[in-house]
$ cat query_17.txt   # compact mmCIF, C-alpha atoms
# COMPACT_ATOMS: atom_id res chain seq x y z
CA MET A 943 12.79 1.10 -12.13
CA HIS A 944 10.39 3.14 -14.21
CA TRP A 945 7.40 2.27 -16.34
CA SER A 946 8.31 1.50 -19.94
CA VAL A 947 6.22 1.55 -23.08
CA ALA A 948 6.09 -2.24 -23.00
CA VAL A 949 2.63 -3.46 -22.04
CA GLY A 950 4.01 -5.63 -19.22
CA ALA A 951 5.97 -2.62 -17.94
CA MET A 952 8.06 -4.65 -15.47
CA ALA A 953 11.51 -5.90 -16.55
CA ALA A 954 12.93 -9.05 -14.96
CA LEU A 955 16.12 -8.29 -13.04
CA VAL A 956 18.80 -10.49 -11.46
CA TRP A 957 18.37 -10.83 -7.72
CA ALA A 958 19.94 -12.62 -4.77
CA PRO A 959 18.16 -14.16 -1.75
CA VAL A 960 17.88 -11.92 1.29
CA GLU A 961 19.83 -13.01 4.35
CA SER A 962 18.03 -13.93 7.56
CA ARG A 963 17.48 -10.85 9.72
CA GLY A 964 16.18 -11.92 13.10
CA GLN A 965 13.59 -14.40 14.35
CA THR A 966 9.82 -14.29 14.64
CA LEU A 967 8.91 -15.39 18.15
CA PHE A 968 5.16 -14.95 17.72
CA SER A 969 2.92 -13.26 15.13
CA THR A 970 -0.74 -12.86 14.23
CA PHE A 971 0.11 -10.94 11.05
CA GLY A 972 -0.43 -12.36 7.60
CA PRO A 973 2.36 -12.76 5.01
CA ALA A 974 4.93 -9.94 5.08
CA GLU A 975 3.25 -8.49 8.18
CA THR A 976 0.08 -7.61 6.28
CA PHE A 977 -3.34 -7.34 7.83
CA ASN A 978 -6.82 -6.41 6.69
CA SER A 979 -7.75 -3.00 8.05
CA ALA A 980 -11.38 -3.06 6.89
CA LEU A 981 -13.57 -2.09 9.82
CA PRO A 982 -15.98 -3.68 10.32
CA GLY A 983 -15.61 -6.87 8.28
CA GLY A 984 -16.18 -10.59 8.36
CA SER A 985 -12.48 -11.33 8.86
CA VAL A 986 -11.66 -8.41 11.12
CA GLY A 987 -12.95 -7.12 14.45
CA ALA A 988 -12.36 -3.82 16.20
CA GLY A 989 -11.21 -3.37 19.74
CA VAL A 990 -11.20 0.14 21.14
CA LEU A 991 -8.13 1.11 23.12
CA GLY A 992 -9.05 4.27 24.93
CA GLY A 993 -12.24 6.15 24.21
CA PHE A 994 -13.07 6.48 27.92
CA SER A 995 -11.71 9.20 30.15
CA VAL A 996 -9.22 8.41 32.90
CA ALA A 997 -12.00 9.05 35.44
CA GLU A 998 -14.09 6.36 33.73
CA GLY A 999 -11.27 3.85 33.97
CA GLY A 1000 -10.13 3.38 30.39
CA ILE A 1001 -9.26 0.07 28.78
CA THR A 1002 -6.04 -1.89 28.58
CA LEU A 1003 -5.65 -4.69 26.03
CA ALA A 1004 -3.65 -7.76 26.99
CA TYR A 1005 -2.84 -10.84 24.93
CA ALA A 1006 -1.23 -14.09 26.05
CA PHE A 1007 1.36 -15.53 23.69
CA THR A 1008 3.95 -18.29 23.73
CA PRO A 1009 7.19 -17.83 21.73
CA SER A 1010 7.95 -20.59 19.24
CA VAL A 1011 11.72 -20.09 19.65
CA SER A 1012 13.95 -18.75 22.43
CA SER A 1013 15.64 -15.39 21.83
CA HIS A 1014 16.51 -12.00 23.22
CA LEU A 1015 13.63 -9.59 22.52
CA SER A 1016 14.29 -7.10 19.69
CA ARG A 1017 10.97 -5.36 19.05
CA VAL A 1018 7.18 -5.60 19.04
CA ASP A 1019 5.24 -4.53 15.94
CA LEU A 1020 1.60 -3.46 16.35
CA GLY A 1021 -1.02 -3.24 13.60
CA MET A 1022 -3.34 -0.39 14.46
CA GLU A 1023 -5.39 2.57 13.35
CA TYR A 1024 -5.16 5.97 15.00
CA LYS A 1025 -8.55 7.71 15.13
CA TYR A 1026 -8.83 11.46 15.55
CA ASP A 1027 -11.77 12.31 17.79
CA PRO A 1028 -13.45 15.62 16.79
CA VAL A 1029 -14.64 16.18 20.36
CA LYS A 1030 -11.39 15.51 22.17
CA ALA A 1031 -8.14 17.27 21.55
CA SER A 1032 -6.18 15.36 18.93
CA GLY A 1033 -3.45 13.93 21.10
CA PRO A 1034 -0.34 12.18 19.86
CA ALA A 1035 -0.47 8.46 19.16
CA ASN A 1036 1.46 7.48 22.27
CA LEU A 1037 1.47 3.95 23.67
CA ASP A 1038 2.99 2.03 26.56
CA VAL A 1039 3.86 -1.49 25.37
CA ALA A 1040 4.86 -4.06 27.98
CA ILE A 1041 5.98 -7.68 27.91
CA ALA A 1042 4.87 -9.28 31.18
CA THR A 1043 5.13 -12.64 32.90
CA ASP A 1044 2.09 -14.87 33.36
CA GLN A 1045 0.53 -15.05 36.81
CA ALA A 1046 -2.34 -17.53 37.11
CA GLY A 1047 -3.62 -16.73 33.62
CA LEU A 1048 -3.32 -12.95 33.94
CA PRO A 1049 -0.48 -10.49 33.28
CA GLY A 1050 2.06 -10.49 36.08
CA ALA A 1051 5.20 -8.40 36.53
CA ALA A 1052 6.41 -6.42 33.52
CA ILE A 1053 9.68 -7.75 32.09
CA GLU A 1054 10.09 -4.59 30.05
CA THR A 1055 7.90 -1.59 29.21
CA MET A 1056 8.56 0.15 25.90
CA HIS A 1057 7.22 3.56 24.95
CA VAL A 1058 5.95 4.58 21.51
CA THR A 1059 5.68 8.32 20.90
CA GLY A 1060 3.72 9.68 17.93
CA GLY A 1061 3.52 6.19 16.48
CA LEU A 1062 1.51 7.03 13.37
CA GLY A 1063 2.59 10.63 12.92
CA SER A 1064 -0.09 13.23 12.28
CA ILE A 1065 -1.99 11.61 9.41
CA PRO A 1066 -5.72 11.60 10.29
CA ASN A 1067 -7.18 8.12 10.73
CA ALA A 1068 -3.92 6.52 9.60
CA ALA A 1069 -3.68 2.75 9.63
CA GLY A 1070 -0.31 1.05 9.76
CA ILE A 1071 2.28 -0.76 11.85
CA VAL A 1072 4.20 0.85 14.69
CA SER A 1073 7.31 -0.62 16.33
CA ALA A 1074 8.27 -0.62 19.98
CA SER A 1075 12.01 -1.33 20.21
CA SER A 1076 13.47 -3.16 23.19
CA ALA A 1077 16.27 -1.46 25.14
CA VAL A 1078 16.66 -4.18 27.78
CA LYS A 1079 16.75 -7.13 25.32
CA PRO A 1080 15.25 -9.60 27.84
CA TRP A 1081 15.45 -13.34 27.16
CA LEU A 1082 12.12 -14.92 26.15
CA GLN A 1083 11.94 -18.69 26.49
CA ALA A 1084 10.23 -20.90 23.91
CA GLY A 1085 7.18 -22.70 25.32
CA THR A 1086 6.70 -20.20 28.16
CA GLN A 1087 3.58 -18.04 28.24
CA TYR A 1088 4.02 -14.26 28.33
CA TRP A 1089 1.65 -11.33 27.99
CA LEU A 1090 1.62 -8.36 25.65
CA VAL A 1091 -0.03 -5.46 27.52
CA VAL A 1092 -0.78 -2.21 25.69
CA ALA A 1093 -2.37 1.06 26.84
CA PRO A 1094 -2.18 4.75 25.93
CA PRO A 1095 -0.66 6.86 28.73
CA ASP A 1096 -3.33 9.57 28.42
CA LEU A 1097 -6.81 8.33 27.55
CA ARG A 1098 -8.29 11.82 27.72
CA ASN A 1099 -6.58 12.99 24.53
CA THR A 1100 -6.09 9.85 22.49
CA VAL A 1101 -8.41 7.38 20.81
CA PHE A 1102 -7.08 4.22 19.16
CA GLN A 1103 -8.71 1.51 17.13
CA TRP A 1104 -6.84 -1.74 16.90
CA LEU A 1105 -6.96 -3.82 13.74
CA LEU A 1106 -7.70 -7.33 14.93
CA SER A 1107 -8.03 -10.87 13.65
CA PRO A 1108 -10.77 -13.22 14.93
CA GLN A 1109 -9.07 -15.23 17.66
CA PRO A 1110 -10.83 -15.75 21.00
CA ASN A 1111 -8.16 -15.24 23.67
CA LEU A 1112 -8.03 -11.45 24.03
CA GLU A 1113 -8.45 -10.18 27.58
CA ILE A 1114 -9.84 -6.71 28.29
CA LEU A 1115 -8.69 -5.39 31.66
CA SER A 1116 -10.52 -2.39 33.07
CA THR A 1117 -11.53 -0.81 36.36
CA SER A 1118 -14.83 -1.56 38.03
CA GLU A 1119 -16.12 1.88 36.99
CA LEU A 1120 -16.62 0.48 33.47
CA GLN A 1121 -19.01 -2.22 34.59
CA ASN A 1122 -22.10 0.00 34.28
CA ILE A 1123 -21.24 1.21 30.76
CA PRO A 1124 -23.32 -0.72 28.17
CA TRP A 1125 -21.07 -2.48 25.67
CA ASP A 1126 -20.85 -5.99 24.32
CA ARG A 1127 -17.64 -7.67 25.48
CA SER A 1128 -18.06 -10.37 22.83
CA ASN A 1129 -17.39 -7.73 20.18
CA TYR A 1130 -13.87 -7.40 21.52
CA ALA A 1131 -13.03 -11.08 22.05
CA MET A 1132 -10.43 -11.03 19.31
CA ALA A 1133 -6.66 -11.00 18.94
CA LEU A 1134 -4.36 -8.07 18.34
CA ALA A 1135 -2.56 -7.88 15.02
CA PHE A 1136 1.00 -7.94 16.32
CA GLY A 1137 4.37 -9.64 16.09
CA VAL A 1138 7.14 -10.24 18.63
CA TYR A 1139 10.66 -10.48 17.21
CA GLY A 1140 13.98 -11.61 18.61
CA ILE A 1141 17.62 -10.75 17.92
CA GLU A 1142 18.58 -7.25 16.90
CA SER A 1143 17.55 -6.71 13.28
CA ALA A 1144 20.47 -6.16 10.90
CA GLY A 1145 20.47 -3.32 8.42
CA PRO A 1146 18.85 0.11 8.38
CA GLN A 1147 15.12 0.74 8.73
CA PRO A 1148 13.24 1.47 5.50
CA ALA A 1149 12.35 5.13 4.95
CA ILE A 1150 9.92 6.71 2.50
CA GLY A 1151 11.17 9.99 1.11
CA THR A 1152 9.26 13.26 1.42
CA GLY A 1153 6.73 13.27 -1.42
CA GLY A 1154 7.96 9.78 -2.25
CA VAL A 1155 4.60 8.18 -3.10
CA VAL A 1156 3.46 8.95 -6.66
CA ASP A 1157 1.49 7.55 -9.55
CA ALA A 1158 3.77 5.15 -11.41
CA ALA A 1159 2.83 6.42 -14.87
CA SER A 1160 3.07 10.18 -14.34
CA PHE A 1161 4.88 10.57 -10.98
CA ARG A 1162 2.06 12.90 -9.92
CA ALA A 1163 1.07 12.93 -6.24
CA THR A 1164 -2.49 11.66 -6.77
CA ILE A 1165 -3.35 7.97 -7.01
CA SER A 1166 -6.52 5.91 -7.31
CA PRO A 1167 -7.65 2.38 -6.36
CA ASP A 1168 -6.30 -0.35 -8.70
CA SER A 1169 -3.70 2.01 -10.20
CA TRP A 1170 0.04 1.43 -9.91
CA VAL A 1171 2.18 3.60 -7.67
CA SER A 1172 5.90 4.07 -7.20
CA ILE A 1173 7.32 4.51 -3.70
CA PHE A 1174 10.73 6.18 -3.44
CA GLY A 1175 13.01 6.17 -0.41
CA THR A 1176 16.00 4.48 1.15
CA SER A 1177 16.63 0.93 2.40
CA LEU A 1178 13.24 -0.15 1.02
CA SER A 1179 14.60 -3.60 0.11
CA ALA A 1180 17.81 -5.59 0.32
CA THR A 1181 17.23 -7.02 -3.17
CA THR A 1182 16.26 -5.75 -6.62
CA ARG A 1183 13.81 -7.70 -8.73
CA SER A 1184 10.39 -7.84 -10.34
CA TRP A 1185 7.76 -10.43 -9.60
CA GLN A 1186 8.06 -13.83 -11.27
CA ALA A 1187 5.84 -16.86 -11.77
CA SER A 1188 6.79 -18.47 -8.44
CA ASP A 1189 5.52 -15.41 -6.53
CA PHE A 1190 1.91 -15.99 -7.60
CA VAL A 1191 -0.59 -18.19 -5.78
CA GLY A 1192 -3.52 -18.98 -8.07
CA ASN A 1193 -4.75 -15.74 -9.59
CA ALA A 1194 -3.63 -13.59 -6.64
CA LEU A 1195 -0.91 -11.02 -7.21
CA PRO A 1196 1.92 -11.30 -4.64
CA LEU A 1197 1.55 -9.20 -1.50
CA SER A 1198 5.29 -9.32 -0.87
CA LEU A 1199 8.57 -9.99 -2.65
CA ASP A 1200 11.51 -11.28 -0.60
CA GLY A 1201 9.64 -10.31 2.56
CA VAL A 1202 8.98 -6.74 1.44
CA GLY A 1203 5.34 -5.65 1.69
CA VAL A 1204 3.36 -2.42 1.37
CA LEU A 1205 0.32 -1.05 3.21
CA ILE A 1206 -1.74 1.66 1.50
CA GLY A 1207 -4.51 3.11 3.62
CA GLY A 1208 -3.91 0.17 5.98
CA TYR A 1209 -4.66 -2.38 3.24
CA PRO A 1210 -2.01 -4.80 1.91
CA ALA A 1211 -0.99 -3.91 -1.65
CA ALA A 1212 0.18 -6.19 -4.44
CA VAL A 1213 3.90 -5.65 -5.07
CA SER A 1214 5.39 -5.98 -8.57
CA TYR A 1215 8.91 -4.57 -8.14
CA ILE A 1216 11.33 -3.96 -5.27
CA SER A 1217 14.72 -2.28 -4.98
CA PRO A 1218 16.55 -0.34 -2.28
CA GLU A 1219 15.24 2.99 -3.58
CA GLN A 1220 11.96 2.17 -5.35
CA ILE A 1221 8.95 -0.13 -4.98
CA ASN A 1222 6.06 -0.49 -7.45
CA ALA A 1223 2.71 -1.58 -5.97
CA GLN A 1224 -0.97 -1.64 -6.88
CA VAL A 1225 -3.34 0.55 -4.87
CA PRO A 1226 -5.82 -1.71 -3.01
CA ASP A 1227 -9.57 -1.32 -3.26
CA GLY A 1228 -10.89 0.83 -0.42
CA ALA A 1229 -7.98 3.28 -0.29
CA GLY A 1230 -9.29 6.85 -0.07
CA PRO A 1231 -10.84 9.18 -0.87
CA GLY A 1232 -8.53 11.76 0.65
CA MET A 1233 -5.07 11.50 2.14
CA VAL A 1234 -4.01 7.91 2.92
CA ALA A 1235 -1.02 6.52 4.78
CA VAL A 1236 1.59 4.43 2.96
CA GLN A 1237 4.05 2.16 4.73
CA VAL A 1238 6.78 -0.24 3.61
CA ILE A 1239 7.28 -3.39 5.71
CA THR A 1240 10.63 -5.22 5.62
CA SER A 1241 12.44 -7.80 7.73
CA THR A 1242 14.16 -4.97 9.61
CA GLY A 1243 10.79 -3.44 10.56
CA PRO A 1244 8.21 -0.99 9.20
CA SER A 1245 9.01 2.39 7.73
CA SER A 1246 7.53 5.61 9.04
CA LEU A 1247 4.37 6.64 7.22
CA GLY A 1248 4.30 8.40 3.88
CA GLN A 1249 1.08 9.88 2.61
CA VAL A 1250 -0.59 10.58 -0.71
CA ASP A 1251 -3.94 11.77 -2.02
CA ALA A 1252 -6.15 8.88 -3.24
CA GLU A 1253 -9.16 9.68 -5.42
CA GLN A 1254 -11.55 7.55 -7.48
CA TRP A 1255 -10.15 9.01 -10.70
CA ALA A 1256 -6.47 9.87 -11.16
CA PRO A 1257 -6.00 9.29 -14.91
CA ASN A 1258 -2.49 9.25 -16.37
CA PHE A 1259 -0.95 7.96 -19.58
CA LEU A 1260 2.19 5.85 -19.67
CA THR A 1261 4.94 7.91 -21.29
CA PHE A 1262 8.51 7.98 -22.52
CA SER A 1263 10.90 10.90 -23.03
CA SER A 1264 13.18 11.77 -25.94
CA GLY A 1265 15.15 14.93 -26.52
CA GLY A 1266 13.49 16.66 -23.58
CA THR A 1267 9.95 15.98 -24.87
CA SER A 1268 7.42 13.70 -23.16
CA TYR A 1269 5.54 11.37 -25.52
CA VAL A 1270 2.45 9.33 -24.81
CA ALA A 1271 3.13 5.58 -24.92
CA ALA A 1272 1.31 4.38 -28.05
CA THR A 1273 1.52 1.08 -29.93
CA TYR A 1274 0.18 -0.54 -33.09
CA ALA A 1275 -1.59 -3.91 -33.17
CA ASP A 1276 1.67 -5.56 -34.30
CA GLY A 1277 3.43 -4.31 -31.14
CA SER A 1278 5.53 -1.63 -32.82
CA ILE A 1279 5.76 1.83 -31.26
CA ALA A 1280 3.91 4.88 -32.59
CA GLY A 1281 6.86 7.28 -32.62
CA LYS A 1282 9.76 8.58 -34.66
CA SER A 1283 11.57 5.93 -36.69
CA GLY A 1284 14.68 4.65 -34.93
CA LEU A 1285 13.59 6.22 -31.66
CA PHE A 1286 14.60 3.15 -29.63
CA GLY A 1287 17.34 1.89 -31.95
CA ASN A 1288 17.18 -1.03 -34.33
CA GLY A 1289 15.90 -3.49 -31.72
CA VAL A 1290 12.47 -1.85 -31.23
CA PRO A 1291 10.44 -1.06 -34.35
CA ALA A 1292 8.80 2.38 -34.38
CA ARG A 1293 7.01 4.48 -36.96
CA PRO A 1294 5.11 7.78 -36.73
CA ALA A 1295 1.31 7.74 -36.62
CA LYS A 1296 -0.76 9.11 -39.46
CA PRO A 1297 -4.43 10.12 -39.70
CA GLY A 1298 -6.67 7.08 -39.95
CA ASP A 1299 -4.27 4.77 -38.07
CA VAL A 1300 -5.65 2.77 -35.15
CA ILE A 1301 -3.27 3.01 -32.21
CA SER A 1302 -3.43 1.94 -28.57
CA LEU A 1303 -2.66 4.34 -25.73
CA TRP A 1304 -1.90 2.98 -22.25
CA GLY A 1305 -2.64 4.41 -18.83
CA THR A 1306 -3.58 3.99 -15.18
CA GLY A 1307 -6.16 5.44 -12.81
CA PHE A 1308 -9.12 5.86 -15.18
CA GLY A 1309 -11.62 4.51 -12.65
CA PRO A 1310 -14.20 1.71 -12.35
CA THR A 1311 -15.01 -0.65 -15.22
CA THR A 1312 -17.76 -3.03 -16.26
CA PRO A 1313 -17.27 -5.76 -15.21
CA SER A 1314 -15.49 -4.62 -12.09
CA VAL A 1315 -11.91 -5.89 -11.73
CA PRO A 1316 -10.69 -6.00 -8.12
CA ALA A 1317 -7.18 -4.97 -7.23
CA GLY A 1318 -4.70 -7.70 -6.38
CA VAL A 1319 -5.79 -10.31 -8.93
CA LEU A 1320 -4.51 -11.39 -12.32
CA PHE A 1321 -6.57 -10.09 -15.21
CA SER A 1322 -6.32 -10.38 -18.96
CA GLY A 1323 -9.21 -9.40 -21.18
CA ALA A 1324 -11.45 -6.41 -21.71
CA ALA A 1325 -13.29 -4.58 -18.94
CA ALA A 1326 -14.71 -1.40 -20.42
CA LEU A 1327 -15.21 2.00 -18.86
CA PRO A 1328 -18.90 2.87 -18.51
CA ALA A 1329 -20.25 5.16 -21.22
CA SER A 1330 -21.29 7.57 -18.46
CA ASP A 1331 -17.64 8.17 -17.58
CA GLN A 1332 -17.52 10.86 -20.25
CA LEU A 1333 -14.10 9.88 -21.55
CA ALA A 1334 -12.67 12.29 -24.10
CA ILE A 1335 -9.33 11.92 -25.94
CA ALA A 1336 -8.02 14.55 -28.33
CA ILE A 1337 -4.94 14.90 -30.54
CA SER A 1338 -3.97 18.47 -31.41
CA ASP A 1339 -7.34 19.53 -29.89
CA VAL A 1340 -9.18 17.34 -32.44
CA PRO A 1341 -11.39 14.67 -30.83
CA ALA A 1342 -10.21 11.12 -31.52
CA THR A 1343 -12.70 8.31 -32.10
CA VAL A 1344 -12.37 5.81 -29.25
CA LEU A 1345 -13.01 2.21 -30.29
CA PHE A 1346 -12.30 0.70 -26.88
CA ALA A 1347 -11.50 2.12 -23.45
CA GLY A 1348 -10.94 -0.05 -20.39
CA LEU A 1349 -8.72 -2.45 -18.50
CA SER A 1350 -6.77 -5.08 -20.42
CA GLU A 1351 -4.41 -6.16 -17.59
CA ALA A 1352 -4.33 -5.66 -13.82
CA GLY A 1353 -4.33 -1.90 -13.30
CA LEU A 1354 -3.44 -1.21 -16.96
CA TYR A 1355 -5.93 0.64 -19.17
CA GLN A 1356 -5.93 0.37 -22.98
CA PHE A 1357 -7.45 2.94 -25.35
CA ASN A 1358 -7.84 1.98 -29.01
CA VAL A 1359 -8.29 5.23 -30.94
CA ILE A 1360 -8.39 6.39 -34.56
CA VAL A 1361 -5.89 9.16 -35.24
CA PRO A 1362 -7.86 12.20 -36.50
CA GLU A 1363 -6.87 14.52 -39.36
CA VAL A 1364 -4.12 16.64 -37.84
CA PRO A 1365 -0.89 18.22 -39.23
CA ASP A 1366 2.50 16.54 -39.25
CA GLY A 1367 4.80 16.99 -36.28
CA ASP A 1368 4.62 16.43 -32.53
CA GLN A 1369 0.96 16.97 -31.64
CA LEU A 1370 -0.45 17.43 -28.14
CA VAL A 1371 -2.45 14.53 -26.67
CA THR A 1372 -5.05 15.25 -23.98
CA ALA A 1373 -7.66 13.17 -22.16
CA GLN A 1374 -10.31 13.60 -19.51
CA VAL A 1375 -12.47 11.16 -17.57
CA GLN A 1376 -15.21 12.42 -15.27
CA GLY A 1377 -13.78 15.90 -15.79
CA VAL A 1378 -10.34 14.91 -14.44
CA SER A 1379 -7.46 15.48 -16.86
CA THR A 1380 -4.37 13.39 -17.50
CA GLN A 1381 -0.90 14.91 -17.13
CA GLN A 1382 -0.13 17.85 -19.39
CA ALA A 1383 2.33 18.39 -22.28
CA LEU A 1384 2.28 14.89 -23.79
CA TYR A 1385 2.88 14.47 -27.51
CA LEU A 1386 2.40 12.00 -30.36
CA THR A 1387 4.52 12.17 -33.54
CA ILE A 1388 2.39 12.48 -36.71
CA GLN A 1389 3.76 11.99 -40.22
CA GLN A 1390 1.51 11.47 -43.23

$ encode --input "query_17.txt" --output "structure tokens"
Amino acid sequence: MHWSVAVGAMAALVWAPVESRGQTLFSTFGPAETFNSALPGGSVGAGVLGGFSVAEGGITLAYAFTPSVSSHLSRVDLGMEYKYDPVKASGPANLDVAIATDQAGLPGAAIETMHVTGGLGSIPNAAGIVSASSAVKPWLQAGTQYWLVVAPPDLRNTVFQWLLSPQPNLEILSTSELQNIPWDRSNYAMALAFGVYGIESAGPQPAIGTGGVVDAASFRATISPDSWVSIFGTSLSATTRSWQASDFVGNALPLSLDGVGVLIGGYPAAVSYISPEQINAQVPDGAGPGMVAVQVITSTGPSSLGQVDAEQWAPNFLTFSSGGTSYVAATYADGSIAGKSGLFGNGVPARPAKPGDVISLWGTGFGPTTPSVPAGVLFSGAAALPASDQLAIAISDVPATVLFAGLSEAGLYQFNVIVPEVPDGDQLVTAQVQGVSTQQALYLTIQQ
């Protein structure tokens, strides 16, 4: 599924419901295993797992939970952030994850201990979900209290920050050597973001391909908040479809389709299209700057992390190709395409541009607007780029007069420009915002 020159850019496709793939025994995640990774924040607290040397005692997090259904254990998913400490050696993100019995309101004997090795890869400060898979497949009984107990095996080399939701029944277990260290226990009285799942999940795990996270308009490996990205890989979804009216709640864009969600920089992303090999999603506010982790969440579990560079400006035009040439997506006010006549057949009207015509160009990643339009919400209107953004658009190296530049839909920028006096033929179109250029070698057909 690629971007088209249509303003909506997402075609409706036939889809079938996804089959049930396992049971949720207990979960503190939001829809589609999303969580808010903002730290600190009004809806999120931070609990530090590690951060003290072994000699100082360390910290183990434990959470009491009661399964809602009975099942054999399949896996435990953990929402977390791996923090690289500049003082300590950057150790691997290793964890010991145990399911334990309850003994007088505290963790008792471990039913099974699972080991996670290199859970979030080597991406600095990555936020995402890691899975601990059960080998024993113990039976967990509905209505019986159990404990999730988590600790890194080597506190000297690893620092973790857990992404938590404000629930009051988190226990922090530590040695007496910690009692003289000044810290406020109330700051950590919150619940882990985690899920416990039963029955072996059917189907393969989702996987993001190498270099598989790109800007949806240009397929370049730089994205920006509020822009649209395409994620390529395998087993990303069991169904193929775009969003539809029933997926929206109020003015919020859907955070998942058929149980498929996306985390970008640890933040849940709005999802507009899913398929086994491609997902289109909107970059959440707060992602970047710098390299950010990207993760696909499905009913069979989370993918490993992909990564991509996220910057405040990553401008790109929507395009189409014909005869080996890339053309900028341009339309007239009547909806017809600015391009060679018959370019898309008889069903889509098209005509070349000529000097003096007013055409609209379309793009993503051109940065903040006034008023600000947050990611993840429906928008239809006009939110202009600030004059200080130093936007410049040229056709055949001749500056074009810009009548309007800004957002007209969620993540979609519109540029109404007057075609300058330039010769006939395919002429180069260039643009810059804040000194950052759009993709190169894009053309517009001119015919007077």

$ residues_around --input "query_17.txt" --residues "Ser1263 (chain A)" --least-positions-apart "6" --cutoff "10 Å" --atoms "all atoms listed in the file" --output "PyMOL selection string"
chain A and resi 1269-1271+1384-1385

$ write_last_selection --input "query_17.txt" --atoms "C-alpha atoms" --output "PDB file, in the frame of the given file"
ATOM      1  CA  TYR A1269       5.540  11.370 -25.520  1.00  0.00           C
ATOM      2  CA  VAL A1270       2.450   9.330 -24.810  1.00  0.00           C
ATOM      3  CA  ALA A1271       3.130   5.580 -24.920  1.00  0.00           C
ATOM      4  CA  LEU A1384       2.280  14.890 -23.790  1.00  0.00           C
ATOM      5  CA  TYR A1385       2.880  14.470 -27.510  1.00  0.00           C
TER       6      TYR A1385
END

$ closest_residue --input "query_17.txt" --among "A:Val1204, A:Asp1299, A:Thr1086, A:Gln965" --to "Ser1246 (chain A)" --atoms "only C-alpha atoms"
A:Val1204

$ residues_around --input "query_17.txt" --residues "Pro1196 (chain A)" --least-positions-apart "6" --cutoff "7 Å" --atoms "all atoms listed in the file" --output "PDB file with C-alpha atoms, in the frame of the given file"
ATOM      1  CA  ASP A1189       5.520 -15.410  -6.530  1.00  0.00           C
ATOM      2  CA  PHE A1190       1.910 -15.990  -7.600  1.00  0.00           C
ATOM      3  CA  ALA A1212       0.180  -6.190  -4.440  1.00  0.00           C
ATOM      4  CA  VAL A1213       3.900  -5.650  -5.070  1.00  0.00           C
TER       5      VAL A1213
END

$ residues_around --input "query_17.txt" --residues "region 1164-1169 of chain A" --least-positions-apart "4" --cutoff "6 Å" --atoms "only C-alpha atoms" --output "PyMOL selection string"
chain A and resi 1157+1224-1227+1251-1256+1306-1307+1317+1353

$ closest_residue --input "query_17.txt" --among "A:Ala1004, A:Ala1068, A:Leu1349, A:Leu1327" --to "Val1375 (chain A)" --atoms "all atoms listed in the file"
A:Leu1327

$ residues_around --input "query_17.txt" --residues "region 1049-1054 of chain A" --least-positions-apart "6" --cutoff "8 Å" --atoms "only C-alpha atoms" --output "list in words"
Ala1004, Ala1040, Ile1041, Ala1042, Thr1043, Ser1076, Val1078, Pro1080, Tyr1088, Trp1089 and Val1091 of chain A

$ write_last_selection --input "query_17.txt" --atoms "C-alpha atoms" --output "PDB file, keeping the file's coordinate frame"
ATOM      1  CA  ALA A1004      -3.650  -7.760  26.990  1.00  0.00           C
ATOM      2  CA  ALA A1040       4.860  -4.060  27.980  1.00  0.00           C
ATOM      3  CA  ILE A1041       5.980  -7.680  27.910  1.00  0.00           C
ATOM      4  CA  ALA A1042       4.870  -9.280  31.180  1.00  0.00           C
ATOM      5  CA  THR A1043       5.130 -12.640  32.900  1.00  0.00           C
ATOM      6  CA  SER A1076      13.470  -3.160  23.190  1.00  0.00           C
ATOM      7  CA  VAL A1078      16.660  -4.180  27.780  1.00  0.00           C
ATOM      8  CA  PRO A1080      15.250  -9.600  27.840  1.00  0.00           C
ATOM      9  CA  TYR A1088       4.020 -14.260  28.330  1.00  0.00           C
ATOM     10  CA  TRP A1089       1.650 -11.330  27.990  1.00  0.00           C
ATOM     11  CA  VAL A1091      -0.030  -5.460  27.520  1.00  0.00           C
TER      12      VAL A1091
END

$ atom_distance --input "query_17.txt" --atom1 "CA of Val1359 (chain A)" --atom2 "CA of Gly1305 (chain A)"
13.4 Å

$ build_atoms --input "query_17.txt" --residues "region 1167-1173 of chain A" --atoms "N, CA and C atoms" --output "PDB file, in the coordinates of the input"
ATOM      1  N   PRO A1167      -7.586   3.824  -6.548  1.00  0.00           N
ATOM      2  CA  PRO A1167      -7.650   2.380  -6.360  1.00  0.00           C
ATOM      3  C   PRO A1167      -7.406   1.636  -7.666  1.00  0.00           C
ATOM      4  N   ASP A1168      -6.659   0.539  -7.588  1.00  0.00           N
ATOM      5  CA  ASP A1168      -6.300  -0.350  -8.700  1.00  0.00           C
ATOM      6  C   ASP A1168      -5.180   0.195  -9.577  1.00  0.00           C
ATOM      7  N   SER A1169      -4.790   1.472  -9.396  1.00  0.00           N
ATOM      8  CA  SER A1169      -3.700   2.010 -10.200  1.00  0.00           C
ATOM      9  C   SER A1169      -2.361   1.558  -9.613  1.00  0.00           C
ATOM     10  N   TRP A1170      -1.300   1.801 -10.356  1.00  0.00           N
ATOM     11  CA  TRP A1170       0.040   1.430  -9.910  1.00  0.00           C
ATOM     12  C   TRP A1170       0.756   2.656  -9.391  1.00  0.00           C
ATOM     13  N   VAL A1171       1.444   2.497  -8.274  1.00  0.00           N
ATOM     14  CA  VAL A1171       2.180   3.600  -7.670  1.00  0.00           C
ATOM     15  C   VAL A1171       3.642   3.226  -7.543  1.00  0.00           C
ATOM     16  N   SER A1172       4.480   4.247  -7.489  1.00  0.00           N
ATOM     17  CA  SER A1172       5.900   4.070  -7.200  1.00  0.00           C
ATOM     18  C   SER A1172       6.193   4.729  -5.859  1.00  0.00           C
ATOM     19  N   ILE A1173       6.930   4.015  -5.017  1.00  0.00           N
ATOM     20  CA  ILE A1173       7.320   4.510  -3.700  1.00  0.00           C
ATOM     21  C   ILE A1173       8.834   4.676  -3.707  1.00  0.00           C
TER      22      ILE A1173
END
